[in-house]
Amino acid sequence: MKSLASKKVCLYGLLTAAALLFGYVEYLVPLNFIAPGIKLGISNGVVLLLILNNNYKSAFLVNICRIVLSAFLFATPFSLIFSLTAGIISTLVMILLNRFKGFGVVGISAVGGAVHNLVQIIVARLTVGRGVFFYMPYLLLAGVLAGAAVGVLVWLMLKKAAKIKFLKFN
Amino acid sequence: MNRKAVTPLDIIIIIAVVVLSLGIMLASLFSNSGNKAVITVNEQVVAEYNLLNNVKKEIKTQYGVNTVEILNGECFVSFADCRDGICVSRGKISKIGESIVCLPHKLIVEIK
């Protein structure tokens, strides 16, 4: 039992670190010229990986740790309310979609990306004002495409990682 | 894990979202040129300028400083003391409904 618990601590720590690192790489490559706040969201792939393994609690845990840590490292506390609400709700939606057989990895990820950006627009509306809705189509488009791209990455990784022992979660 | 990479349902959803967002973008391309720029901070209107006049105005609030300029009928933010400067890189706006948003300063410039 004890070794199982330490294995979990180790694995989730590793995944949080990986998600943080992906977030940092994205921070270095800004895509802001398209619309404010546009990112590829590779760190979301880590969360997706856990969801696909039906590991919902740890998906939340890793995502919230990543968001809080990266807010203090790279962003402002003000952006924390954006990333936290968007992160939690998009994780919830992806978990919901994972319960249905009709969706593929790419579809779950794409919807997750679109919902993430939609939530950010709604939070911006509540904190700043109506003018933010102008960005909605740009953020929706970016969210669904980036989400799909991350879905492809995760699927490719899962195919390769089937052989790697430590990624077998349960 | 036995989930497929892509299913028909995935493709339908992705195409639907892409078409919807491209449609909204296209519709906003055809909107008319506006005639005034309205600046709001925290949802309160702080200034309104006619786009026909050239303006250079520093908007100072408790959140920070943004310099809003109007030049030849186009409005843009030329300076901001926030850390990311997204409002500055947003460029020029002139059509009805277009806006420049500075989230950290809660400032919105909207064309009406």
# chains A, B, ... in the order shown; residues from 1 in each chain; ligands from 1

$ residues_around --residues "range 58-70 of chain B" --least-positions-apart "3" --cutoff "8 Å" --atoms "only C-alpha atoms" --output "ChimeraX atom specification"
/B:51,53-55,73-82,104-106

$ select_by_dssp --residues "chain A" --states "helix (DSSP H, G or I)" --output "ChimeraX atom specification"
/A:2-28,43-52,56-74,77-98,105-127,130-161,165-167

$ closest_atom_pairs --of "chain B" --to "chain A" --cutoff "6 Å" --atoms "only C-alpha atoms" --output "CSV"
residue,atom,partner,partner_atom,distance
B:Lys4,CA,A:Gly104,CA,5.0
B:Ala5,CA,A:Val105,CA,4.9
B:Val6,CA,A:Gly104,CA,4.6
B:Thr7,CA,A:Gly104,CA,5.2
B:Asp10,CA,A:Gly107,CA,4.2
B:Val18,CA,A:Leu141,CA,5.6
B:Ser21,CA,A:Pro137,CA,4.3
B:Asn42,CA,A:Val128,CA,5.7
B:Glu43,CA,A:Gly129,CA,5.5
B:Ser99,CA,A:Gly131,CA,6.0
B:Lys106,CA,A:Val128,CA,4.9

$ closest_residue --among "A:Val47, A:Cys65, A:Leu118, A:Leu80" --to "Ile95 in chain A" --atoms "only C-alpha atoms"
A:Val47

$ select_by_dssp --residues "chain B" --states "strand (DSSP E or B)" --output "number ranges by chain"
B: 33, 36-41, 44-50, 55-60, 65-71, 74-80, 93, 95, 99-102, 107-111

$ residues_around --residues "Tyr12 in chain A" --least-positions-apart "4" --cutoff "7 Å" --atoms "only C-alpha atoms" --output "compact mmCIF listing (two decimals) with C-alpha atoms, in the first residue's frame"
# COMPACT_ATOMS: atom_id res chain seq x y z
CA LYS A 8 1.06 8.27 -6.94
CA THR A 16 2.36 18.68 -12.63
CA VAL A 62 -2.78 18.34 -11.22

$ atom_distance --atom1 "CA of Ser43 in chain A" --atom2 "CA of Ala71 in chain A"
13.7 Å
